Each structure stands twice: as C-alpha cells, then as structure tokens.
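What follows is a short report on a single structure.
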Amino acid sequence: MGQTLPARDNAILLFTGLSASSHAAATPSNPNPGWWEKFIGPGKALDSDQFFVICTNVLGGCYGSTGPSSIDPTTGEPYATHFPVVSIFDMVNAQFRLLDHLGIDRLYASVGSSMGAMQSLAAGLLHPERAGKIVSISGTARSSPSSIAMRFAQRSVLMADPNWNNGFYYGALPPHTGMKLARQIATITYRSGPEWDLRFGRKLRPVPNDGQANPLDPSKPRLPALCPEFLIETYLDHQGEQFCLKYDANSLIYVSKAMDLFDLTSEALESLQLSSSKVPPIPPSNANTPTPALHLPSLAQGLAPLAETPVLILGVQSDILFPVEQQRECADALRMAGNERVVYYELGGVWGHDTFLLDVQNVGGAIRGFLSMK
C-alpha cells in the first residue's frame with residue numbers, strides 16, 4: 001500500500017503474526033478489511049501517504065508462500081511433514097529476497113507484532129545495513145520456556161488427532177478436532193483474565209427459543225450441561241471452529257516451531273553461524289531490571305549488530321503470551337549493547353497480547369511518533 005519514492009527509501013516491511021496473511025489492509029484489488037486495517041492507510045500509524053507498506057506471507061504458512069501444503073515438485077504431492085523445519089531467520093531472508101526483486105536496498109523501517117516482532121528484530125540482525133528503524137511490539141528476542149510450553153501443548157493435541165496421520169492428511173479428512181483444540185488453547189493466551197471477566201463474567205448462553213431451562217421440570221432452575229454453556233466456553237468453541245476453516249494444520253505446527261526456536265543470545269546465534277565472535281562479552285551495567293536474567297549479557301552480545309539502529313520496543317502489562325518482562329529485557333539488552341536510540345513503552349489495559357490489534361490510540365500513536373523521529 002502506498003507508493004515508493006524515486007529513491008525507494010520510504011518502504012516499510014510489515015511482518016505478520018503466526019496466523020495472519022499478507023492482507024494487512026484493504027486495497028482496490030481486495031477491499032476486505034485486513035488484519036491491521038486500523039493502523040495502515042492515509043494519516044494512520046503506517047501512513048500510506050508517506051510510506052510504501054509491504055506485507056508478505058511467511059515461509060511455512062498456507063496463504064501463498066511455500067509451506068507443507070505446497071506441492072513437492074519431485075513427487076507431485078503436498079510436502080506434508082517432508083517439508084523441512086524452517087526458522088524465523090529463513091522467513092526473514094525469504095522476504096529480503098522479495099525486497100531485492102522490488103529493487104529496495106534499504107527499508108525505512110521493519111515493523112512487527114507477536115511473531116512479527118521476532119521477524120522485525122531478526123531483520124535488523126541479519127541485515128543491519130538495510131533496516132533503518134525497527135519496531136517490535138509484544139514480541140521477544142528469546143522464546144521463553146512458558147511460551148514454548150504453550151505452543152507445545154497446542155501441537156500435542158493437534159498431532160494426537162488420528163486424522164493428522166503424521167501430517168499426510170491432504171485429500172482426506174483433516175485433523176479438525178485437534179486443530180480446534182489447539183486454537184482454543186492459543187486463544188486463552190491472547191487475552192487476559194480481567195478482560196474475560198469484563199467481557200463474559202460467568203454469564204451463560206441463552207436457552208434456545210424452543211428449549212426449556214429444565215426440561216424435566218420447567219418450574220425449577222436451569223440444569224447444568226456438559227456441553228459449552230458459559231459464554232467464555234462458547235467463545236472458545238467458536239474461535240476454534242473458525243480457525244479450522246482458514247488455516248492449515250501442518251503450517252500451525254511448522255510456524256509455531258519456528259517461534260520456539262527463536263533465540264538471539266550470542267550462544268544460539270553462534271551455533272547457527274550468525275554471530276561474530278569478535279563482539280566482546282557485555283556486562284549487565286545498563287540493565288534497568290532489578291534482577292537481570294542470567295542470559296541478559298549473552299542477549300546483549302547477540303543484539304550488538306543493532307547498536308546503531310533506532311528501535312521501538314512496545315510491551316503490554318496484561319500480556320501472558322509474551323510477558324512485559326521480555327520487552328524490558330530486550331530493551332535492556334539493546335542498551336547494554338550500546339544502543340542509545342532505544343524507545344521503550346509499556347502499555348496498561350486488559351486486552352493482553354491482542355492489544356496490538358485493538359489499541360489504536362496508544363499502539364498507533366507510539367509507532368507514528370517513533371517513525372517520525374529523525
């Protein structure tokens with residue numbers, strides 16, 4: 001969306017979360033609202049009058065870029081679980097190949113939230129000379145054991161569905177039940193307990209018009225049921241059903257695994273031959289956290305290539321998927337690495353991880369202000 005300037009220096013690469021597609025905002029060719037519709041367009045956070053906004057589908061997904069559901073040219077059948085395990089770095093490098101094709105040598109900024117925040121940081125690390133600014137919203141520089149555990153539970157229930165068939169379900173019944181349960185688990189991590197309380201409380205779903213609260217004795221109180229009857233249960237049931245209709249089960253497994261593997265500490269980067277051993281160890285002298293994590297110096301060493309790049313880190317206090325401590329940790333590590341152009345904001349509210357989709361005023365305002373900084 002938007003137009004490139006003659007110098008091609010106004011491009012913003014917007015990275016998606018796990019389940020989002022490249023359709024981030026409505027366009028003439030696709031007028032349907034996009035997943036970040038409120039943040040992209042004239043006068044919005046990503047101002048299309050000023051910037052050329054690019055959003056792509058991730059490698060391993062199912063919206064167009066190659067993934068497990070794509071056809072393996074050697075067999076003529078879907079790759080399924082013969083598809084190789086991919087990383088966040090693979091996704092980013094594929095997108096920079098697109099930038100090469102478009103003739104864009106340097107981004108004005110890379111922007112991402114959730115898994116997109118991982119990609120945004122990785123873009124600056126892999127291509128520091130090509131990323132002018134970096135925006136990381138509700139993400140992390142190192143997947144924590146708690147988030148890995150949540151995603152492992154999702155993959156476990158999905159892969160336990162007999163219809164998953166070790167990933168070779170194409171042309172047959174898909175693992176609908178496992179996929180639905182996996183999404184229900186994920187949805188719990190996207191919002192917060194206080195928001196559930198405000199939104200649903202302990203309210204029950206209405207009794208059907210042709211039904212009775214107590215069919216055995218209509219004069220008595222409503223009988224409890226084993227099927228979903230609390231509104232929160234019906235909401236999770238609906239979210240699970242909807243997700244099954246638009247996303248591929250194997251892509252969920254592969255993309256969520258890529259998130260688990262993400263780690264920008266120097267040891268992890270060196271194991272992938274992505275870190276320079278010339279960067280000296282960094283003591284936790286600039287940490288604002290009262291009790292810095294043991295891996296913080298290693299994370300600062302890994303983030304050293306970003307020492308000269310302006311970075312916006314945005315965290316949300318009610319986020320349980322990527323807790324705000326991880327945002328503080330990322331900002332601290334960047335400062336320890338010598339980055340004096342780190343901007344860190346911490347938002348309140350009850351929307352949890354999904355704040356980046358809902359809080360237009362605060363999230364959008366922070367992005368707009370950061371992008372306008374010289």
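Following the order of the structure tokens, chains are lettered A, B, ..., residues in each are numbered from 1, and ligands are numbered from 1.
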Could you name the residues that touch A:Ala122 at 12 Å or less, counting only C-alpha atoms, but leaving out those on the same chain fewer than 2 positions away, as a PyMOL selection string? chain A and resi 15+87-93+95-96+110-112+115-120+124-128+130-131+134-136+139-142+259+262-265+269+274+302-303+305-306
Can I get the selected residues back with C-alpha atoms, as a short mmCIF file (atom, residue, chain, number, x, y, z; two decimals), in the first residue's frame?
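Listing of result_37.cif after writing:
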```cif
data_model
loop_
_atom_site.label_atom_id
_atom_site.label_comp_id
_atom_site.auth_asym_id
_atom_site.auth_seq_id
_atom_site.Cartn_x
_atom_site.Cartn_y
_atom_site.Cartn_z
CA PHE A 15 5.82 -8.77 9.40
CA SER A 87 13.22 -20.73 11.28
CA ILE A 88 12.32 -17.09 11.77
CA PHE A 89 15.62 -16.31 10.03
CA ASP A 90 14.52 -18.33 6.97
CA MET A 91 11.26 -16.37 6.83
CA VAL A 92 13.08 -13.03 7.02
CA ASN A 93 15.70 -13.94 4.43
CA GLN A 95 11.26 -11.62 2.44
CA PHE A 96 14.51 -9.80 1.79
CA SER A 110 10.77 -3.02 9.75
CA VAL A 111 7.62 -3.38 11.85
CA GLY A 112 6.13 -6.43 13.51
CA MET A 115 5.82 -13.40 15.80
CA GLY A 116 6.19 -10.40 13.52
CA ALA A 117 8.19 -8.69 16.27
CA MET A 118 10.61 -11.62 16.21
CA GLN A 119 10.96 -11.19 12.46
CA SER A 120 11.45 -7.44 12.80
CA GLY A 124 17.81 -5.85 11.80
CA LEU A 125 20.19 -8.51 12.99
CA LEU A 126 20.57 -10.28 9.65
CA HIS A 127 20.58 -7.11 7.53
CA PRO A 128 21.58 -4.21 9.80
CA ARG A 130 19.19 -2.49 5.24
CA ALA A 131 16.88 -1.71 8.17
CA ILE A 134 12.98 -1.44 13.94
CA VAL A 135 9.61 -1.73 15.66
CA SER A 136 8.97 -4.70 17.95
CA GLY A 139 7.36 -9.92 20.93
CA THR A 140 10.58 -11.29 22.34
CA ALA A 141 14.23 -11.70 21.48
CA ARG A 142 14.29 -15.18 23.02
CA MET A 259 8.76 -19.40 17.09
CA PHE A 262 13.89 -18.20 18.07
CA ASP A 263 16.80 -17.09 20.27
CA LEU A 264 19.04 -14.07 19.74
CA THR A 265 21.54 -14.83 22.51
CA LEU A 269 23.46 -17.29 17.08
CA LEU A 274 25.06 -15.96 12.62
CA GLY A 302 23.75 -11.16 20.28
CA LEU A 303 22.00 -7.84 19.69
CA PRO A 305 24.75 -5.52 15.47
CA LEU A 306 21.74 -3.30 16.31
#
```
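Residues of stretch 37-126 of chain A carrying a DSSP assignment of strand (DSSP E), computed from the backbone, are Phe52, Val53, Ile54, Cys55, Ile71, Asp72, Glu77, Pro78, Ala109, Ser110, Val111, Gly112 and Ser113 of chain A.
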Print the selection's residues with all heavy atoms to a file, as a PDB file, in the first residue's frame.
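File written: part_27.pdb
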```
ATOM      1  N   PHE A  52       5.577   3.329   1.727  1.00  0.00           N
ATOM      2  CA  PHE A  52       5.208   2.200   0.875  1.00  0.00           C
ATOM      3  C   PHE A  52       5.244   0.960   1.757  1.00  0.00           C
ATOM      4  O   PHE A  52       6.315   0.506   2.164  1.00  0.00           O
ATOM      5  CB  PHE A  52       6.196   2.083  -0.285  1.00  0.00           C
ATOM      6  CG  PHE A  52       5.939   0.920  -1.203  1.00  0.00           C
ATOM      7  CD1 PHE A  52       4.689   0.714  -1.775  1.00  0.00           C
ATOM      8  CD2 PHE A  52       6.953   0.021  -1.519  1.00  0.00           C
ATOM      9  CE1 PHE A  52       4.450  -0.342  -2.640  1.00  0.00           C
ATOM     10  CE2 PHE A  52       6.737  -1.050  -2.372  1.00  0.00           C
ATOM     11  CZ  PHE A  52       5.476  -1.227  -2.933  1.00  0.00           C
ATOM     12  N   VAL A  53       4.062   0.446   2.103  1.00  0.00           N
ATOM     13  CA  VAL A  53       3.953  -0.632   3.088  1.00  0.00           C
ATOM     14  C   VAL A  53       3.864  -1.981   2.377  1.00  0.00           C
ATOM     15  O   VAL A  53       2.993  -2.193   1.531  1.00  0.00           O
ATOM     16  CB  VAL A  53       2.727  -0.430   3.999  1.00  0.00           C
ATOM     17  CG1 VAL A  53       2.672  -1.524   5.065  1.00  0.00           C
ATOM     18  CG2 VAL A  53       2.763   0.951   4.653  1.00  0.00           C
ATOM     19  N   ILE A  54       4.774  -2.878   2.750  1.00  0.00           N
ATOM     20  CA  ILE A  54       4.844  -4.215   2.157  1.00  0.00           C
ATOM     21  C   ILE A  54       4.556  -5.241   3.245  1.00  0.00           C
ATOM     22  O   ILE A  54       5.112  -5.170   4.345  1.00  0.00           O
ATOM     23  CB  ILE A  54       6.245  -4.491   1.573  1.00  0.00           C
ATOM     24  CG1 ILE A  54       6.647  -3.408   0.572  1.00  0.00           C
ATOM     25  CG2 ILE A  54       6.315  -5.875   0.941  1.00  0.00           C
ATOM     26  CD1 ILE A  54       8.124  -3.417   0.241  1.00  0.00           C
ATOM     27  N   CYS A  55       3.690  -6.194   2.956  1.00  0.00           N
ATOM     28  CA  CYS A  55       3.426  -7.287   3.890  1.00  0.00           C
ATOM     29  C   CYS A  55       3.367  -8.577   3.082  1.00  0.00           C
ATOM     30  O   CYS A  55       2.714  -8.630   2.031  1.00  0.00           O
ATOM     31  CB  CYS A  55       2.114  -7.051   4.635  1.00  0.00           C
ATOM     32  SG  CYS A  55       1.757  -8.277   5.924  1.00  0.00           S
ATOM     33  N   ILE A  71       2.927 -28.105  -3.219  1.00  0.00           N
ATOM     34  CA  ILE A  71       3.252 -29.325  -3.963  1.00  0.00           C
ATOM     35  C   ILE A  71       4.763 -29.494  -4.067  1.00  0.00           C
ATOM     36  O   ILE A  71       5.484 -28.587  -4.489  1.00  0.00           O
ATOM     37  CB  ILE A  71       2.625 -29.288  -5.366  1.00  0.00           C
ATOM     38  CG1 ILE A  71       1.093 -29.179  -5.258  1.00  0.00           C
ATOM     39  CG2 ILE A  71       3.029 -30.515  -6.172  1.00  0.00           C
ATOM     40  CD1 ILE A  71       0.452 -30.344  -4.524  1.00  0.00           C
ATOM     41  N   ASP A  72       5.223 -30.658  -3.665  1.00  0.00           N
ATOM     42  CA  ASP A  72       6.631 -31.027  -3.823  1.00  0.00           C
ATOM     43  C   ASP A  72       6.854 -31.395  -5.291  1.00  0.00           C
ATOM     44  O   ASP A  72       6.265 -32.360  -5.793  1.00  0.00           O
ATOM     45  CB  ASP A  72       6.939 -32.219  -2.913  1.00  0.00           C
ATOM     46  CG  ASP A  72       8.389 -32.672  -2.997  1.00  0.00           C
ATOM     47  OD1 ASP A  72       9.116 -32.219  -3.898  1.00  0.00           O
ATOM     48  OD2 ASP A  72       8.789 -33.490  -2.144  1.00  0.00           O
ATOM     49  N   GLU A  77       3.003 -34.347  -5.019  1.00  0.00           N
ATOM     50  CA  GLU A  77       2.096 -34.387  -3.868  1.00  0.00           C
ATOM     51  C   GLU A  77       2.493 -33.289  -2.874  1.00  0.00           C
ATOM     52  O   GLU A  77       3.618 -32.780  -2.911  1.00  0.00           O
ATOM     53  CB  GLU A  77       2.181 -35.757  -3.171  1.00  0.00           C
ATOM     54  CG  GLU A  77       1.809 -36.939  -4.043  1.00  0.00           C
ATOM     55  CD  GLU A  77       0.329 -36.974  -4.369  1.00  0.00           C
ATOM     56  OE1 GLU A  77      -0.461 -36.396  -3.591  1.00  0.00           O
ATOM     57  OE2 GLU A  77      -0.037 -37.572  -5.397  1.00  0.00           O
ATOM     58  N   PRO A  78       1.585 -32.915  -1.959  1.00  0.00           N
ATOM     59  CA  PRO A  78       1.958 -31.933  -0.936  1.00  0.00           C
ATOM     60  C   PRO A  78       3.159 -32.414  -0.117  1.00  0.00           C
ATOM     61  O   PRO A  78       3.308 -33.616   0.147  1.00  0.00           O
ATOM     62  CB  PRO A  78       0.705 -31.833  -0.070  1.00  0.00           C
ATOM     63  CG  PRO A  78      -0.414 -32.218  -0.985  1.00  0.00           C
ATOM     64  CD  PRO A  78       0.158 -33.289  -1.870  1.00  0.00           C
ATOM     65  N   ALA A 109      11.825   1.245   7.661  1.00  0.00           N
ATOM     66  CA  ALA A 109      11.637   0.560   8.948  1.00  0.00           C
ATOM     67  C   ALA A 109      11.124  -0.852   8.715  1.00  0.00           C
ATOM     68  O   ALA A 109      10.472  -1.138   7.706  1.00  0.00           O
ATOM     69  CB  ALA A 109      10.653   1.327   9.826  1.00  0.00           C
ATOM     70  N   SER A 110      11.428  -1.721   9.665  1.00  0.00           N
ATOM     71  CA  SER A 110      10.767  -3.021   9.748  1.00  0.00           C
ATOM     72  C   SER A 110       9.853  -2.965  10.963  1.00  0.00           C
ATOM     73  O   SER A 110      10.234  -2.457  12.018  1.00  0.00           O
ATOM     74  CB  SER A 110      11.788  -4.159   9.876  1.00  0.00           C
ATOM     75  OG  SER A 110      12.442  -4.124  11.130  1.00  0.00           O
ATOM     76  N   VAL A 111       8.640  -3.481  10.803  1.00  0.00           N
ATOM     77  CA  VAL A 111       7.617  -3.380  11.846  1.00  0.00           C
ATOM     78  C   VAL A 111       6.973  -4.747  12.023  1.00  0.00           C
ATOM     79  O   VAL A 111       6.649  -5.423  11.039  1.00  0.00           O
ATOM     80  CB  VAL A 111       6.537  -2.343  11.466  1.00  0.00           C
ATOM     81  CG1 VAL A 111       5.437  -2.288  12.537  1.00  0.00           C
ATOM     82  CG2 VAL A 111       7.150  -0.963  11.257  1.00  0.00           C
ATOM     83  N   GLY A 112       6.783  -5.152  13.280  1.00  0.00           N
ATOM     84  CA  GLY A 112       6.129  -6.428  13.509  1.00  0.00           C
ATOM     85  C   GLY A 112       5.601  -6.550  14.922  1.00  0.00           C
ATOM     86  O   GLY A 112       6.117  -5.917  15.848  1.00  0.00           O
ATOM     87  N   SER A 113       4.567  -7.356  15.074  1.00  0.00           N
ATOM     88  CA  SER A 113       4.000  -7.633  16.389  1.00  0.00           C
ATOM     89  C   SER A 113       3.870  -9.141  16.564  1.00  0.00           C
ATOM     90  O   SER A 113       3.690  -9.879  15.606  1.00  0.00           O
ATOM     91  CB  SER A 113       2.633  -6.951  16.543  1.00  0.00           C
ATOM     92  OG  SER A 113       1.847  -7.151  15.396  1.00  0.00           O
TER      93      SER A 113
END
```
DSSP-assigned helix (DSSP H, G or I) members of stretch 104-347 of chain A, reported as a PyMOL selection string: chain A and resi 115-126+145-159+162-167+176-190+193-199+231-244+249-261+266-271+296-302+304-306+324-336
With distances taken over only C-alpha atoms, which residue among A:His176, A:Trp351, A:Phe322, A:Ala337 lies nearest A:Pro145?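 Smallest distance to A:Pro145 is found for A:Phe322.
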Which one is closest to A:Lys44: A:Val363, A:Ala80, A:Leu252, A:Ile320? Count only C-alpha atoms.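 Selected residue with least distance to A:Lys44: A:Val363.
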For each of A:Lys203, A:His353, A:Lys133, A:Arg183, take the minimum atom-to-atom distance to A:Arg151, counting only C-alpha atoms, then give the residue where this is smallest. A:Arg183
Could you name the residues that touch A:Ser69 at 8 Å or less, counting only C-alpha atoms, but leaving out those on the same chain fewer than 4 positions away, as an mmCIF file with C-alpha atoms, in the first residue's frame?
```
data_model
loop_
_atom_site.group_PDB
_atom_site.id
_atom_site.type_symbol
_atom_site.label_atom_id
_atom_site.label_comp_id
_atom_site.auth_asym_id
_atom_site.auth_seq_id
_atom_site.Cartn_x
_atom_site.Cartn_y
_atom_site.Cartn_z
ATOM 1 C CA CYS A 62 -0.503 -21.643 3.914
ATOM 2 C CA PRO A 78 1.958 -31.933 -0.936
ATOM 3 C CA TYR A 79 5.170 -31.821 1.072
ATOM 4 C CA ALA A 80 3.277 -32.546 4.320
ATOM 5 C CA TYR A 170 -4.243 -33.910 2.303
ATOM 6 C CA ASP A 248 -3.558 -25.495 7.597
ATOM 7 C CA ASN A 250 0.790 -28.575 9.334
ATOM 8 C CA SER A 251 1.510 -24.866 8.906
#
```
List as an NGL selection string the protein and nucleic acid residues near A:Ala26, meaning an atom at most 10 Å away when only C-alpha atoms are counted, but skip any in the same chain fewer than 2 places from it. :A and (1 or 23-24 or 28-37 or 40-41)
Restrict the selected residues to N, CA, C and O atoms and save them as a PDB file, in the first residue's frame.
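Written out: out.pdb:
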```
ATOM      1  N   MET A   1       0.848  -1.189   0.000  1.00  0.00           N
ATOM      2  CA  MET A   1       0.000   0.000   0.000  1.00  0.00           C
ATOM      3  C   MET A   1       0.879   1.233   0.000  1.00  0.00           C
ATOM      4  O   MET A   1       1.921   1.262   0.668  1.00  0.00           O
ATOM      5  N   HIS A  23      -2.586  -9.941   3.780  1.00  0.00           N
ATOM      6  CA  HIS A  23      -3.660  -8.949   3.609  1.00  0.00           C
ATOM      7  C   HIS A  23      -3.816  -8.156   4.909  1.00  0.00           C
ATOM      8  O   HIS A  23      -4.704  -8.428   5.725  1.00  0.00           O
ATOM      9  N   ALA A  24      -2.961  -7.157   5.081  1.00  0.00           N
ATOM     10  CA  ALA A  24      -2.956  -6.366   6.308  1.00  0.00           C
ATOM     11  C   ALA A  24      -3.957  -5.224   6.270  1.00  0.00           C
ATOM     12  O   ALA A  24      -4.397  -4.748   7.320  1.00  0.00           O
ATOM     13  N   PRO A  28      -7.554  -1.708  -3.448  1.00  0.00           N
ATOM     14  CA  PRO A  28      -8.531  -1.766  -4.547  1.00  0.00           C
ATOM     15  C   PRO A  28      -8.747  -3.180  -5.073  1.00  0.00           C
ATOM     16  O   PRO A  28      -9.858  -3.533  -5.470  1.00  0.00           O
ATOM     17  N   SER A  29      -7.704  -3.990  -5.068  1.00  0.00           N
ATOM     18  CA  SER A  29      -7.844  -5.351  -5.575  1.00  0.00           C
ATOM     19  C   SER A  29      -8.477  -6.297  -4.556  1.00  0.00           C
ATOM     20  O   SER A  29      -8.992  -7.350  -4.914  1.00  0.00           O
ATOM     21  N   ASN A  30      -8.442  -5.918  -3.294  1.00  0.00           N
ATOM     22  CA  ASN A  30      -9.071  -6.715  -2.236  1.00  0.00           C
ATOM     23  C   ASN A  30      -9.616  -5.759  -1.182  1.00  0.00           C
ATOM     24  O   ASN A  30      -8.922  -5.387  -0.242  1.00  0.00           O
ATOM     25  N   PRO A  31     -10.877  -5.335  -1.332  1.00  0.00           N
ATOM     26  CA  PRO A  31     -11.436  -4.331  -0.422  1.00  0.00           C
ATOM     27  C   PRO A  31     -11.824  -4.844   0.955  1.00  0.00           C
ATOM     28  O   PRO A  31     -12.261  -4.067   1.803  1.00  0.00           O
ATOM     29  N   ASN A  32     -11.664  -6.138   1.209  1.00  0.00           N
ATOM     30  CA  ASN A  32     -11.995  -6.667   2.525  1.00  0.00           C
ATOM     31  C   ASN A  32     -11.036  -6.108   3.575  1.00  0.00           C
ATOM     32  O   ASN A  32      -9.849  -5.921   3.302  1.00  0.00           O
ATOM     33  N   PRO A  33     -11.524  -5.827   4.784  1.00  0.00           N
ATOM     34  CA  PRO A  33     -10.631  -5.310   5.830  1.00  0.00           C
ATOM     35  C   PRO A  33      -9.496  -6.283   6.129  1.00  0.00           C
ATOM     36  O   PRO A  33      -9.692  -7.502   6.169  1.00  0.00           O
ATOM     37  N   GLY A  34      -8.299  -5.740   6.322  1.00  0.00           N
ATOM     38  CA  GLY A  34      -7.142  -6.560   6.653  1.00  0.00           C
ATOM     39  C   GLY A  34      -6.960  -6.693   8.153  1.00  0.00           C
ATOM     40  O   GLY A  34      -7.681  -6.078   8.947  1.00  0.00           O
ATOM     41  N   TRP A  35      -6.002  -7.498   8.547  1.00  0.00           N
ATOM     42  CA  TRP A  35      -5.822  -7.783   9.976  1.00  0.00           C
ATOM     43  C   TRP A  35      -5.284  -6.589  10.765  1.00  0.00           C
ATOM     44  O   TRP A  35      -5.417  -6.531  11.980  1.00  0.00           O
ATOM     45  N   TRP A  36      -4.664  -5.601  10.078  1.00  0.00           N
ATOM     46  CA  TRP A  36      -4.195  -4.390  10.761  1.00  0.00           C
ATOM     47  C   TRP A  36      -4.812  -3.157  10.113  1.00  0.00           C
ATOM     48  O   TRP A  36      -4.174  -2.128   9.967  1.00  0.00           O
ATOM     49  N   GLU A  37      -6.066  -3.281   9.743  1.00  0.00           N
ATOM     50  CA  GLU A  37      -6.770  -2.249   8.985  1.00  0.00           C
ATOM     51  C   GLU A  37      -6.725  -0.882   9.666  1.00  0.00           C
ATOM     52  O   GLU A  37      -6.572   0.157   9.005  1.00  0.00           O
ATOM     53  N   ILE A  40      -3.128   1.052   9.136  1.00  0.00           N
ATOM     54  CA  ILE A  40      -2.491   1.284   7.837  1.00  0.00           C
ATOM     55  C   ILE A  40      -3.418   2.101   6.946  1.00  0.00           C
ATOM     56  O   ILE A  40      -4.587   1.763   6.776  1.00  0.00           O
ATOM     57  N   GLY A  41      -2.893   3.166   6.387  1.00  0.00           N
ATOM     58  CA  GLY A  41      -3.679   3.984   5.483  1.00  0.00           C
ATOM     59  C   GLY A  41      -3.342   5.457   5.657  1.00  0.00           C
ATOM     60  O   GLY A  41      -2.511   5.826   6.491  1.00  0.00           O
TER      61      GLY A  41
END
```
Can you work out the spacing between atom CA of A:Leu347 and atom CA of A:Val324 in Å, to one decimal?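 Between these atoms lies a distance of 9.1 Å.
Minimum atom-to-atom distance to A:Ala160, evaluated using only C-alpha atoms, belongs to A:Met179 out of A:Met179, A:Ile148, A:Leu358, A:Leu198.
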Write out as a VMD selection string each polymer residue whose atoms come within 12 Å of A:Ile188, counting only C-alpha atoms; drop sequence neighbours fewer than 5 positions from it. chain A and resid 150 to 151 154 181 to 183 193 195 to 196 232 to 233 235 to 237 239 to 240 319 to 321 351 to 354
Generate the output file for the selected residues, C-alpha atoms, as a PDB file, in the first residue's frame.
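Result saved to selection_31.pdb:
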```pdb
ATOM      1  CA  MET A 150       2.002 -23.270  25.450  1.00  0.00           C
ATOM      2  CA  ARG A 151       2.821 -23.923  21.808  1.00  0.00           C
ATOM      3  CA  GLN A 154      -1.163 -26.885  21.017  1.00  0.00           C
ATOM      4  CA  LEU A 181      -8.490 -27.686  20.487  1.00  0.00           C
ATOM      5  CA  ALA A 182      -5.108 -26.206  19.605  1.00  0.00           C
ATOM      6  CA  ARG A 183      -6.719 -22.890  18.708  1.00  0.00           C
ATOM      7  CA  GLY A 193      -8.199 -12.861  32.813  1.00  0.00           C
ATOM      8  CA  GLU A 195     -10.717  -8.923  30.085  1.00  0.00           C
ATOM      9  CA  TRP A 196     -12.531 -12.272  30.151  1.00  0.00           C
ATOM     10  CA  ILE A 232     -16.476 -17.970  27.560  1.00  0.00           C
ATOM     11  CA  GLU A 233     -16.856 -21.632  26.533  1.00  0.00           C
ATOM     12  CA  TYR A 235     -16.497 -18.083  22.528  1.00  0.00           C
ATOM     13  CA  LEU A 236     -13.570 -20.523  22.585  1.00  0.00           C
ATOM     14  CA  ASP A 237     -15.665 -23.079  20.723  1.00  0.00           C
ATOM     15  CA  GLN A 239     -12.802 -19.368  17.730  1.00  0.00           C
ATOM     16  CA  GLY A 240     -11.618 -22.950  17.310  1.00  0.00           C
ATOM     17  CA  ASP A 319       0.217  -9.940  28.043  1.00  0.00           C
ATOM     18  CA  ILE A 320       0.622 -13.533  29.248  1.00  0.00           C
ATOM     19  CA  LEU A 321       1.990 -14.960  25.997  1.00  0.00           C
ATOM     20  CA  TRP A 351      -6.581  -6.742  26.216  1.00  0.00           C
ATOM     21  CA  GLY A 352      -3.485  -8.867  26.799  1.00  0.00           C
ATOM     22  CA  HIS A 353      -1.409  -9.982  23.842  1.00  0.00           C
ATOM     23  CA  ASP A 354      -4.065  -8.824  21.361  1.00  0.00           C
TER      24      ASP A 354
END
```
Take atom CA of A:Gly167 and atom CA of A:Thr75 and report the distance between them in Å, one decimal.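 Distance between the two atoms: 15.7 Å.
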My list of candidates is A:Glu270, A:Leu357, A:Thr56, A:Ala225. Which is closest to A:Arg97 when distances are computed with only C-alpha atoms?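 Among the listed residues, A:Thr56 lies closest to A:Arg97.
The space separating atom CA of A:Lys257 from atom CA of A:Val85 comes to 8.0 Å.
With only C-alpha atoms as the atoms that count, the minimum distance from A:Ser144 to the choices A:Gln326, A:Ser21, A:Thr4, A:Asn10 is reached by A:Gln326.
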Which residues are close to A:Gly61, i.e. within 8 Å by only C-alpha atoms, leaving aside same-chain residues fewer than 3 positions away? Reply as a tab-separated table (two decimals) with C-alpha atoms, in the first residue's frame.
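Final output, saved to out-v6.tsv:
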```tsv
chain	number	residue	atom	x	y	z
A	57	ASN	CA	3.02	-14.37	3.69
A	58	VAL	CA	5.60	-16.26	5.75
A	64	GLY	CA	0.77	-18.40	-0.72
A	65	SER	CA	4.41	-18.72	0.31
A	66	THR	CA	5.79	-22.25	0.16
A	67	GLY	CA	4.74	-24.45	3.06
A	68	PRO	CA	3.76	-28.03	3.96
A	248	ASP	CA	-3.56	-25.49	7.60
A	251	SER	CA	1.51	-24.87	8.91
A	252	LEU	CA	0.48	-24.32	12.52
A	254	TYR	CA	5.82	-25.63	11.47
A	255	VAL	CA	5.32	-21.93	12.12
```
